[in-house]
file input26.txt (compact mmCIF, C-alpha atoms)
# COMPACT_ATOMS: atom_id res chain seq x y z
CA MET Z 23 -73.84 -30.12 -5.06
CA PRO Z 24 -74.91 -27.34 -2.63
CA PHE Z 25 -72.02 -28.11 -0.26
CA LEU Z 26 -69.44 -26.92 -2.81
CA SER Z 27 -68.25 -23.34 -3.22
CA ALA Z 28 -69.96 -21.09 -5.76
CA ALA Z 29 -66.46 -20.26 -7.04
CA LEU Z 30 -66.43 -23.63 -8.81
CA ALA Z 31 -69.20 -22.39 -11.09
CA ARG Z 32 -66.75 -19.79 -12.43
CA VAL Z 33 -63.83 -22.17 -13.06
CA LYS Z 34 -63.46 -24.96 -15.62
CA PRO Z 35 -61.03 -27.88 -15.41
CA SER Z 36 -57.86 -27.57 -17.51
CA ALA Z 37 -58.50 -28.76 -21.06
CA THR Z 38 -54.83 -29.66 -21.57
CA VAL Z 39 -54.80 -31.81 -18.45
CA ALA Z 40 -58.06 -33.45 -19.51
CA VAL Z 41 -56.68 -34.41 -22.93
CA THR Z 42 -53.46 -35.77 -21.44
CA ASP Z 43 -55.40 -37.80 -18.86
CA LYS Z 44 -57.73 -39.21 -21.54
CA ALA Z 45 -54.80 -40.21 -23.75
CA ARG Z 46 -53.09 -41.88 -20.79
CA ALA Z 47 -56.27 -43.81 -19.94
CA LEU Z 48 -56.70 -44.99 -23.53
CA LYS Z 49 -53.09 -46.16 -23.64
CA ALA Z 50 -53.61 -48.05 -20.38
CA ALA Z 51 -56.62 -49.73 -21.96
CA GLY Z 52 -54.46 -50.95 -24.84
CA ARG Z 53 -55.18 -48.30 -27.51
CA ASN Z 54 -52.35 -47.12 -29.77
CA VAL Z 55 -52.51 -43.44 -28.87
CA ILE Z 56 -50.03 -40.68 -29.63
CA GLY Z 57 -50.48 -37.93 -27.06
CA LEU Z 58 -49.64 -34.44 -28.29
CA GLY Z 59 -51.44 -32.56 -25.53
CA ALA Z 60 -48.86 -32.32 -22.75
CA GLY Z 61 -46.82 -29.14 -22.47
CA GLU Z 62 -43.60 -30.65 -21.22
CA PRO Z 63 -40.27 -31.51 -22.85
CA ASP Z 64 -39.56 -35.20 -23.37
CA PHE Z 65 -35.87 -34.64 -22.53
CA ASP Z 66 -34.57 -35.87 -19.18
CA THR Z 67 -33.51 -33.38 -16.53
CA PRO Z 68 -29.74 -32.81 -17.02
CA ALA Z 69 -27.51 -35.04 -14.89
CA ASN Z 70 -25.79 -32.20 -13.01
CA ILE Z 71 -29.17 -30.90 -11.85
CA LYS Z 72 -30.29 -34.32 -10.65
CA LEU Z 73 -26.97 -34.79 -8.88
CA ALA Z 74 -27.40 -31.47 -7.05
CA ALA Z 75 -30.73 -32.72 -5.70
CA ILE Z 76 -29.18 -36.03 -4.61
CA ARG Z 77 -26.37 -34.24 -2.83
CA ALA Z 78 -28.85 -31.99 -1.05
CA ILE Z 79 -30.71 -35.06 0.22
CA GLU Z 80 -27.50 -36.74 1.33
CA ALA Z 81 -26.40 -33.56 3.13
CA GLY Z 82 -29.70 -33.43 5.04
CA LYS Z 83 -30.89 -30.27 3.31
CA THR Z 84 -34.48 -31.41 3.61
CA LYS Z 85 -36.07 -28.90 5.98
CA TYR Z 86 -38.35 -25.92 5.41
CA THR Z 87 -36.85 -22.85 3.80
CA ASP Z 88 -38.13 -19.28 3.91
CA VAL Z 89 -41.66 -19.14 2.50
CA GLY Z 90 -40.65 -17.20 -0.60
CA GLY Z 91 -37.62 -19.33 -1.36
CA MET Z 92 -34.17 -19.84 0.11
CA ALA Z 93 -31.52 -17.16 -0.19
CA GLU Z 94 -29.26 -19.24 -2.45
CA LEU Z 95 -32.00 -19.69 -5.04
CA LYS Z 96 -33.10 -16.07 -4.86
CA ASP Z 97 -29.50 -15.07 -5.54
CA ALA Z 98 -29.38 -17.45 -8.51
CA VAL Z 99 -32.62 -15.98 -9.84
CA ALA Z 100 -31.29 -12.44 -9.39
CA ALA Z 101 -28.11 -13.39 -11.25
CA LYS Z 102 -30.16 -14.92 -14.08
CA PHE Z 103 -32.32 -11.80 -14.44
CA LYS Z 104 -29.23 -9.59 -14.53
CA ARG Z 105 -27.26 -11.84 -16.89
CA GLU Z 106 -29.98 -12.65 -19.40
CA ASN Z 107 -32.48 -9.79 -19.14
CA GLY Z 108 -30.53 -6.83 -17.85
CA LEU Z 109 -32.88 -6.55 -14.85
CA THR Z 110 -31.76 -5.87 -11.28
CA TYR Z 111 -33.74 -7.41 -8.42
CA LYS Z 112 -32.85 -7.73 -4.75
CA ARG Z 113 -33.82 -10.73 -2.63
CA ASN Z 114 -36.90 -8.94 -1.28
CA GLN Z 115 -38.07 -8.44 -4.88
CA ILE Z 116 -38.02 -12.14 -5.74
CA ILE Z 117 -40.40 -14.98 -4.94
CA VAL Z 118 -39.95 -18.70 -5.60
CA SER Z 119 -43.11 -20.81 -5.77
CA THR Z 120 -44.36 -24.30 -6.49
CA GLY Z 121 -44.33 -23.85 -10.25
CA GLY Z 122 -44.98 -20.83 -12.42
CA LYS Z 123 -48.72 -21.39 -12.06
CA GLN Z 124 -48.54 -20.64 -8.35
CA VAL Z 125 -46.57 -17.46 -9.02
CA LEU Z 126 -49.37 -16.23 -11.28
CA CYS Z 127 -52.10 -17.30 -8.85
CA ASN Z 128 -50.33 -15.62 -5.94
CA ALA Z 129 -50.14 -12.35 -7.86
CA LEU Z 130 -53.79 -12.39 -8.91
CA LEU Z 131 -55.06 -13.40 -5.46
CA ALA Z 132 -52.96 -10.67 -3.88
CA THR Z 133 -54.16 -7.87 -6.17
CA LEU Z 134 -57.62 -8.46 -7.66
CA ASN Z 135 -60.82 -7.08 -6.23
CA PRO Z 136 -64.31 -7.88 -7.59
CA GLY Z 137 -64.75 -6.25 -10.97
CA ASP Z 138 -61.05 -5.73 -11.67
CA GLU Z 139 -60.20 -6.56 -15.28
CA VAL Z 140 -57.26 -8.53 -16.65
CA ILE Z 141 -56.42 -8.19 -20.34
CA MET Z 142 -55.04 -11.26 -22.09
CA PRO Z 143 -54.33 -11.80 -25.79
CA ALA Z 144 -56.31 -14.73 -27.20
CA PRO Z 145 -55.29 -17.45 -27.87
CA TYR Z 146 -54.20 -17.61 -24.23
CA TRP Z 147 -52.93 -20.31 -21.91
CA VAL Z 148 -56.03 -22.14 -20.64
CA SER Z 149 -55.33 -21.28 -16.99
CA TYR Z 150 -55.17 -17.49 -17.30
CA PRO Z 151 -58.92 -16.74 -17.39
CA GLU Z 152 -59.71 -19.41 -14.81
CA MET Z 153 -57.18 -18.03 -12.35
CA VAL Z 154 -58.55 -14.53 -12.83
CA LEU Z 155 -62.09 -15.75 -12.21
CA LEU Z 156 -61.02 -17.70 -9.14
CA ALA Z 157 -59.43 -14.52 -7.76
CA GLY Z 158 -62.66 -12.58 -8.29
CA GLY Z 159 -61.58 -10.62 -11.35
CA GLU Z 160 -62.88 -10.41 -14.91
CA PRO Z 161 -60.82 -11.80 -17.80
CA VAL Z 162 -60.80 -9.56 -20.89
CA PRO Z 163 -59.64 -11.61 -23.88
CA VAL Z 164 -58.49 -9.68 -26.94
CA VAL Z 165 -58.66 -11.87 -30.04
CA CYS Z 166 -55.40 -11.95 -32.03
CA SER Z 167 -55.90 -13.83 -35.28
CA ALA Z 168 -53.40 -15.85 -37.28
CA ALA Z 169 -53.32 -12.94 -39.76
CA GLN Z 170 -51.92 -10.83 -36.89
CA GLY Z 171 -49.36 -13.50 -36.06
CA PHE Z 172 -51.45 -14.24 -32.94
CA LYS Z 173 -49.99 -11.04 -31.41
CA LEU Z 174 -51.64 -8.16 -29.59
CA ALA Z 175 -51.57 -4.91 -31.56
CA PRO Z 176 -51.07 -1.62 -29.69
CA GLU Z 177 -54.37 -0.26 -31.03
CA ALA Z 178 -56.23 -3.29 -29.69
CA LEU Z 179 -54.54 -2.94 -26.30
CA GLU Z 180 -55.47 0.74 -26.13
CA LYS Z 181 -59.08 -0.09 -26.92
CA ALA Z 182 -59.25 -2.84 -24.28
CA ILE Z 183 -57.99 -0.69 -21.39
CA THR Z 184 -60.67 0.72 -19.09
CA PRO Z 185 -60.57 2.38 -15.65
CA LYS Z 186 -61.12 -1.14 -14.22
CA THR Z 187 -58.08 -2.67 -15.93
CA LYS Z 188 -55.55 -3.92 -13.39
CA TRP Z 189 -53.25 -6.24 -15.32
CA LEU Z 190 -52.10 -7.14 -18.80
CA ILE Z 191 -50.82 -10.72 -19.01
CA LEU Z 192 -48.28 -11.06 -21.79
CA ASN Z 193 -46.92 -14.52 -22.63
CA SER Z 194 -44.02 -14.63 -25.09
CA PRO Z 195 -43.21 -17.06 -26.62
CA SER Z 196 -46.82 -18.08 -26.31
CA ASN Z 197 -48.57 -21.15 -25.11
CA PRO Z 198 -50.52 -22.21 -27.24
CA THR Z 199 -49.35 -20.55 -30.48
CA GLY Z 200 -45.57 -20.24 -30.13
CA ALA Z 201 -45.86 -16.60 -31.21
CA ALA Z 202 -43.11 -14.36 -29.82
CA TYR Z 203 -42.94 -10.57 -29.70
CA THR Z 204 -39.95 -8.79 -31.18
CA ARG Z 205 -38.35 -5.94 -29.27
CA GLU Z 206 -40.07 -3.48 -31.63
CA GLU Z 207 -43.47 -5.09 -31.12
CA LEU Z 208 -43.01 -4.99 -27.35
CA LYS Z 209 -41.98 -1.32 -27.50
CA ALA Z 210 -45.22 -0.46 -29.31
CA LEU Z 211 -47.18 -2.15 -26.51
CA THR Z 212 -45.17 -0.62 -23.70
CA ASP Z 213 -45.66 2.84 -25.21
CA VAL Z 214 -49.40 2.29 -24.68
CA LEU Z 215 -48.87 1.07 -21.12
CA VAL Z 216 -46.74 4.07 -20.19
CA ARG Z 217 -49.80 6.23 -20.93
CA HIS Z 218 -51.94 4.18 -18.52
CA PRO Z 219 -50.16 4.14 -15.15
CA HIS Z 220 -52.94 2.18 -13.42
CA VAL Z 221 -52.27 -0.91 -15.57
CA TRP Z 222 -49.70 -3.41 -14.31
CA VAL Z 223 -47.91 -5.94 -16.51
CA MET Z 224 -47.43 -9.65 -15.85
CA THR Z 225 -44.93 -11.15 -18.29
CA ASP Z 226 -44.98 -14.93 -18.49
CA ASP Z 227 -41.53 -15.69 -19.94
CA MET Z 228 -41.54 -19.43 -19.29
CA TYR Z 229 -40.50 -20.29 -22.87
CA GLU Z 230 -37.81 -17.59 -23.06
CA HIS Z 231 -35.00 -19.87 -24.22
CA LEU Z 232 -37.04 -21.82 -26.76
CA VAL Z 233 -36.86 -19.54 -29.82
CA TYR Z 234 -35.83 -20.28 -33.40
CA ASP Z 235 -34.40 -18.86 -36.61
CA GLY Z 236 -32.24 -16.27 -34.86
CA PHE Z 237 -35.14 -14.72 -32.93
CA ARG Z 238 -33.97 -12.54 -30.02
CA PHE Z 239 -36.07 -12.72 -26.88
CA ALA Z 240 -36.92 -9.59 -24.90
CA THR Z 241 -39.16 -8.93 -21.90
CA ALA Z 242 -41.29 -5.85 -21.24
CA THR Z 243 -39.26 -4.13 -18.50
CA GLU Z 244 -36.07 -4.71 -20.43
CA VAL Z 245 -37.60 -2.81 -23.36
CA GLU Z 246 -39.25 -0.09 -21.26
CA PRO Z 247 -37.58 0.53 -17.87
CA ARG Z 248 -40.34 2.97 -16.90
CA LEU Z 249 -42.57 -0.06 -16.32
CA TYR Z 250 -40.18 -1.58 -13.77
CA GLU Z 251 -42.23 -0.54 -10.73
CA ARG Z 252 -45.44 -2.09 -12.08
CA THR Z 253 -44.21 -5.25 -13.78
CA LEU Z 254 -44.04 -8.79 -12.47
CA THR Z 255 -41.52 -10.75 -14.54
CA VAL Z 256 -42.40 -14.45 -14.26
CA ASN Z 257 -40.25 -17.40 -15.28
CA GLY Z 258 -39.26 -20.86 -14.10
CA VAL Z 259 -37.14 -23.93 -14.72
CA SER Z 260 -39.85 -26.23 -16.12
CA LYS Z 261 -39.41 -25.84 -19.87
CA ALA Z 262 -35.80 -24.88 -20.67
CA TYR Z 263 -34.36 -27.26 -18.05
CA SER Z 264 -36.86 -30.13 -18.51
CA MET Z 265 -37.92 -29.83 -14.88
CA THR Z 266 -41.73 -29.79 -15.11
CA GLY Z 267 -42.20 -32.24 -12.24
CA TRP Z 268 -39.79 -30.42 -9.95
CA ARG Z 269 -42.35 -27.60 -9.66
CA ILE Z 270 -40.28 -24.43 -9.36
CA GLY Z 271 -41.35 -21.06 -10.73
CA TYR Z 272 -40.10 -17.63 -9.77
CA ALA Z 273 -40.71 -13.93 -10.34
CA GLY Z 274 -39.15 -10.54 -9.83
CA GLY Z 275 -41.16 -7.42 -9.09
CA PRO Z 276 -41.80 -4.54 -6.70
CA SER Z 277 -41.06 -5.51 -3.11
CA GLU Z 278 -44.55 -4.58 -1.88
CA LEU Z 279 -46.14 -6.93 -4.40
CA ILE Z 280 -43.67 -9.71 -3.64
CA THR Z 281 -44.41 -9.35 0.09
CA ALA Z 282 -48.15 -9.64 -0.59
CA MET Z 283 -47.63 -12.69 -2.80
CA THR Z 284 -45.47 -14.29 -0.12
CA THR Z 285 -48.24 -13.75 2.44
CA ILE Z 286 -50.66 -15.60 0.17
CA GLN Z 287 -48.14 -18.39 -0.35
CA SER Z 288 -47.50 -18.73 3.37
CA GLN Z 289 -51.12 -19.76 3.90
CA LEU Z 290 -51.47 -21.96 0.80
CA THR Z 291 -48.34 -24.05 0.46
CA HIS Z 292 -45.49 -22.49 2.48
CA ALA Z 293 -42.10 -22.86 0.74
CA PRO Z 294 -41.56 -24.95 -2.40
CA SER Z 295 -39.77 -28.30 -2.12
CA THR Z 296 -36.32 -27.76 -0.63
CA ILE Z 297 -34.81 -30.47 -2.83
CA SER Z 298 -36.27 -28.87 -5.94
CA GLN Z 299 -34.88 -25.51 -4.87
CA TRP Z 300 -31.34 -26.89 -4.59
CA ALA Z 301 -31.71 -28.51 -8.01
CA SER Z 302 -32.87 -25.17 -9.41
CA VAL Z 303 -29.82 -23.39 -8.00
CA GLU Z 304 -27.69 -25.74 -10.08
CA ALA Z 305 -29.97 -25.30 -13.10
CA LEU Z 306 -29.60 -21.52 -13.10
CA ASN Z 307 -25.94 -21.34 -12.05
CA GLY Z 308 -24.63 -24.42 -13.84
CA PRO Z 309 -23.80 -25.20 -17.48
CA GLN Z 310 -26.31 -23.90 -20.04
CA ASP Z 311 -24.82 -25.50 -23.16
CA PHE Z 312 -27.50 -28.20 -23.43
CA ILE Z 313 -30.23 -25.59 -24.05
CA PRO Z 314 -29.11 -24.66 -27.61
CA GLU Z 315 -28.79 -28.37 -28.39
CA ASN Z 316 -32.36 -28.98 -27.26
CA VAL Z 317 -33.53 -25.96 -29.25
CA LYS Z 318 -32.03 -27.48 -32.42
CA ILE Z 319 -34.03 -30.64 -31.83
CA PHE Z 320 -37.22 -28.68 -31.17
CA LYS Z 321 -36.70 -26.67 -34.37
CA GLU Z 322 -36.35 -29.85 -36.43
CA ARG Z 323 -39.57 -31.14 -34.92
CA ARG Z 324 -41.34 -27.83 -35.54
CA ASP Z 325 -40.36 -27.82 -39.19
CA LEU Z 326 -41.51 -31.41 -39.68
CA VAL Z 327 -44.90 -30.79 -38.06
CA VAL Z 328 -45.57 -27.51 -39.87
CA GLY Z 329 -44.63 -29.03 -43.22
CA MET Z 330 -46.75 -32.16 -42.80
CA LEU Z 331 -49.80 -30.41 -41.34
CA ASN Z 332 -49.90 -27.96 -44.22
CA GLN Z 333 -50.24 -30.96 -46.53
CA ALA Z 334 -53.41 -32.10 -44.72
CA ASN Z 335 -56.75 -31.24 -46.35
CA GLY Z 336 -58.46 -28.32 -44.62
CA ILE Z 337 -55.53 -27.53 -42.28
CA SER Z 338 -53.47 -24.35 -42.25
CA CYS Z 339 -50.50 -24.25 -39.86
CA PRO Z 340 -48.46 -21.07 -39.23
CA ARG Z 341 -44.75 -21.42 -38.40
CA PRO Z 342 -44.20 -20.19 -34.81
CA GLU Z 343 -41.20 -18.26 -33.51
CA GLY Z 344 -40.82 -20.16 -30.25
CA ALA Z 345 -42.05 -22.56 -27.53
CA PHE Z 346 -42.87 -26.13 -28.62
CA TYR Z 347 -46.41 -25.76 -29.91
CA VAL Z 348 -48.12 -25.23 -33.23
CA TYR Z 349 -51.65 -23.86 -33.52
CA PRO Z 350 -53.14 -24.97 -36.84
CA SER Z 351 -56.54 -23.83 -38.08
CA CYS Z 352 -59.01 -26.59 -38.89
CA ALA Z 353 -61.58 -24.17 -40.33
CA GLY Z 354 -61.33 -25.98 -43.67
CA THR Z 355 -62.72 -29.15 -42.11
CA MET Z 356 -65.79 -27.60 -40.50
CA GLY Z 357 -69.09 -28.94 -41.78
CA LYS Z 358 -67.51 -32.11 -43.14
CA LYS Z 359 -68.49 -35.60 -42.08
CA ALA Z 360 -66.07 -37.76 -40.07
CA PRO Z 361 -65.68 -41.53 -40.71
CA SER Z 362 -67.99 -42.12 -37.74
CA GLY Z 363 -70.76 -40.26 -39.56
CA LYS Z 364 -70.61 -37.23 -37.26
CA ARG Z 365 -70.56 -33.84 -38.95
CA LEU Z 366 -67.85 -31.55 -37.55
CA ALA Z 367 -69.50 -28.45 -36.09
CA ASN Z 368 -66.55 -27.09 -34.09
CA ASP Z 369 -62.96 -27.81 -33.13
CA GLU Z 370 -64.01 -29.91 -30.16
CA ASP Z 371 -65.74 -32.27 -32.60
CA PHE Z 372 -62.54 -32.31 -34.67
CA VAL Z 373 -60.24 -33.33 -31.81
CA THR Z 374 -62.74 -35.86 -30.42
CA GLU Z 375 -63.16 -37.58 -33.78
CA LEU Z 376 -59.40 -37.48 -34.43
CA LEU Z 377 -58.72 -39.22 -31.13
CA ASP Z 378 -61.47 -41.79 -31.59
CA SER Z 379 -60.64 -42.69 -35.18
CA GLU Z 380 -56.86 -42.23 -35.39
CA GLY Z 381 -55.63 -42.28 -31.79
CA VAL Z 382 -54.04 -38.80 -31.89
CA ALA Z 383 -54.67 -36.60 -28.85
CA VAL Z 384 -54.55 -32.82 -29.38
CA VAL Z 385 -56.29 -29.91 -27.62
CA GLN Z 386 -59.14 -27.93 -29.17
CA GLY Z 387 -58.46 -24.26 -29.87
CA SER Z 388 -61.69 -23.12 -28.24
CA ALA Z 389 -60.10 -23.98 -24.88
CA PHE Z 390 -57.50 -21.29 -25.62
CA GLY Z 391 -60.03 -18.68 -26.69
CA LEU Z 392 -59.77 -18.92 -30.49
CA GLY Z 393 -61.07 -21.55 -32.86
CA PRO Z 394 -61.67 -23.51 -34.95
CA ALA Z 395 -58.11 -24.66 -34.33
CA PHE Z 396 -56.11 -27.11 -32.27
CA ARG Z 397 -52.84 -27.13 -30.36
CA ILE Z 398 -50.12 -29.68 -30.89
CA SER Z 399 -47.18 -30.02 -28.53
CA TYR Z 400 -44.17 -31.22 -30.52
CA ALA Z 401 -42.21 -32.03 -27.36
CA THR Z 402 -41.98 -35.68 -28.34
CA SER Z 403 -39.93 -37.83 -30.71
CA LEU Z 404 -39.68 -37.21 -34.46
CA ALA Z 405 -40.96 -40.73 -35.08
CA ASP Z 406 -44.12 -40.15 -33.04
CA LEU Z 407 -44.64 -36.73 -34.60
CA GLU Z 408 -44.28 -38.08 -38.13
CA GLU Z 409 -46.72 -40.90 -37.44
CA ALA Z 410 -49.19 -38.52 -35.75
CA CYS Z 411 -49.07 -36.15 -38.71
CA ARG Z 412 -49.64 -39.04 -41.12
CA ARG Z 413 -52.70 -40.00 -39.10
CA ILE Z 414 -53.97 -36.41 -39.15
CA GLN Z 415 -53.47 -36.30 -42.93
CA ARG Z 416 -55.39 -39.56 -43.26
CA PHE Z 417 -58.18 -38.35 -40.97
CA CYS Z 418 -58.57 -35.12 -42.94
CA GLY Z 419 -58.40 -37.00 -46.23
CA ASN Z 420 -61.28 -39.26 -45.12
CA LEU Z 421 -63.59 -36.36 -44.27
CA GLN Z 422 -66.51 -35.97 -46.65
call {"tool": "encode", "arguments": {"input": "input26.txt", "output": "structure tokens"}}
result
Amino acid sequence: MPFLSAALARVKPSATVAVTDKARALKAAGRNVIGLGAGEPDFDTPANIKLAAIRAIEAGKTKYTDVGGMAELKDAVAAKFKRENGLTYKRNQIIVSTGGKQVLCNALLATLNPGDEVIMPAPYWVSYPEMVLLAGGEPVPVVCSAAQGFKLAPEALEKAITPKTKWLILNSPSNPTGAAYTREELKALTDVLVRHPHVWVMTDDMYEHLVYDGFRFATATEVEPRLYERTLTVNGVSKAYSMTGWRIGYAGGPSELITAMTTIQSQLTHAPSTISQWASVEALNGPQDFIPENVKIFKERRDLVVGMLNQANGISCPRPEGAFYVYPSCAGTMGKKAPSGKRLANDEDFVTELLDSEGVAVVQGSAFGLGPAFRISYATSLADLEEACRRIQRFCGNLQ
């Protein structure tokens, strides 16, 4: 359609949203579908957080706040960064946005010029390359195989950096693989970055609290303080606090960058929801004891899914360190014939046939930059996960 912007030719719709929408539509039509595409916890938002929002409404705290977030929430964010990450940020170094996605978009829109490059380990979150393209930059995926633990090696980072490189986006624990960088692995990467002062670092720490088996989370600036002045540390309340629909993300970084991001935000959305901000103050300042309890549940689900998927013909599923995703390879099923008669040529064929024949909705790995594979979100009940894995085993067993 000639009326539409040429920018749309550079940007694809979100594959994860598309799968979730398709599963929802099939359920509405009466199909027995288990949706494992959505990246959100199935736990309810804790009662104290909901109560804080209700009290804010009752107290009439429903007006605009400062564009970049109200002072009380910025103070709570600063306290969180200091308490959990050893990072010191002032109010003018913090922005609060309508979800973590807006934080990332603000930063890219505020900094990228045509031709600027953004390095991202692949598999990557589906939105990273699209946001870079929308902002006029060039995504530079660096493939990180399962043999590498889906992690960026310092040698590969060094090779990917050019004079045009502006950002490295580092997501740990990762969506879609659940891979998380140890402090030593981060130090090896930050040693490379110290040698390239023109490269800035965007750390997406959204799954910080969701780690297993004694893993200790660390973020880049915590490991290498020399990167403090060129790092944007991004986080939010969506995952750890089961607040996806509240839409609050935040970041700490150099004041000049935060000011530029706030300018972008002022023209796009203004401040985030005031009610959600008050709820987030309680989330960050209030009791945190429910998080380890949720992590125990997620770990049990992870172990079930990994164990059952590795019993499916043609599937190989690594055990991730964090988040609530697994990223199994389906390379062993390629070239085989599905019950419908279709021969599987790629992972998109795999997930389409799995949904059509068994009613299990997952996301193809090619959407995340590395296939043939698929992503499963295990943020749902053990019963649903067990049934979904049985269906996947049956589907793979029926391939010829």
call {"tool": "atom_distance", "arguments": {"input": "input26.txt", "atom1": "CA of Ala169 (chain Z)", "atom2": "CA of Glu343 (chain Z)"}}
result
14.6 Å
call {"tool": "closest_residue", "arguments": {"input": "input26.txt", "among": "Z:Ala78, Z:Gly59, Z:Arg53, Z:Gly363", "to": "Val41 (chain Z)", "atoms": "only C-alpha atoms"}}
result
Z:Gly59
call {"tool": "atom_distance", "arguments": {"input": "input26.txt", "atom1": "CA of Asp138 (chain Z)", "atom2": "CA of Leu190 (chain Z)"}}
result
11.5 Å
call {"tool": "residues_around", "arguments": {"input": "input26.txt", "residues": "Arg252 (chain Z)", "least_positions_apart": "4", "cutoff": "8 Å", "atoms": "all atoms listed in the file", "output": "MDAnalysis selection string"}}
result
chainID Z and resid 221:223 275:276
call {"tool": "closest_residue", "arguments": {"input": "input26.txt", "among": "Z:Gly57, Z:Pro361, Z:Gly258, Z:Gly381", "to": "Gly122 (chain Z)", "atoms": "all atoms listed in the file"}}
result
Z:Gly258
call {"tool": "closest_residue", "arguments": {"input": "input26.txt", "among": "Z:Met153, Z:Pro143, Z:Gly108, Z:Ala410", "to": "Val245 (chain Z)", "atoms": "only C-alpha atoms"}}
result
Z:Gly108
call {"tool": "axis_aligned_box", "arguments": {"input": "input26.txt", "around": "region 49-61 of chain Z", "padding_each_side": "4 Å", "output": "JSON"}}
result
{"center_x": -51.7, "center_y": -40.0, "center_z": -25.1, "size_x": 17.8, "size_y": 29.8, "size_z": 17.4}
call {"tool": "closest_residue", "arguments": {"input": "input26.txt", "among": "Z:Asp311, Z:Gly274, Z:Ser196, Z:Leu377", "to": "Lys104 (chain Z)", "atoms": "only C-alpha atoms"}}
result
Z:Gly274
call {"tool": "residues_around", "arguments": {"input": "input26.txt", "residues": "Lys318 (chain Z)", "least_positions_apart": "6", "cutoff": "12 Å", "atoms": "all atoms listed in the file", "output": "list of chain:residue names"}}
result
Z:His231, Z:Leu232, Z:Val233, Z:Tyr234, Z:Asp235, Z:Gly236, Z:Asp311, Z:Phe312, Z:Arg324, Z:Asp325, Z:Gly344, Z:Phe346
call {"tool": "residues_around", "arguments": {"input": "input26.txt", "residues": "Glu177 (chain Z)", "least_positions_apart": "6", "cutoff": "10 Å", "atoms": "only C-alpha atoms", "output": "list in words"}}
result
Ala210, Leu211 and Val214 of chain Z
call {"tool": "closest_residue", "arguments": {"input": "input26.txt", "among": "Z:Thr204, Z:Asn307, Z:Val118, Z:Thr253", "to": "Lys188 (chain Z)", "atoms": "all atoms listed in the file"}}
result
Z:Thr253
call {"tool": "closest_residue", "arguments": {"input": "input26.txt", "among": "Z:Ala240, Z:Ile319, Z:Ala389, Z:Leu73", "to": "Pro151 (chain Z)", "atoms": "all atoms listed in the file"}}
result
Z:Ala389
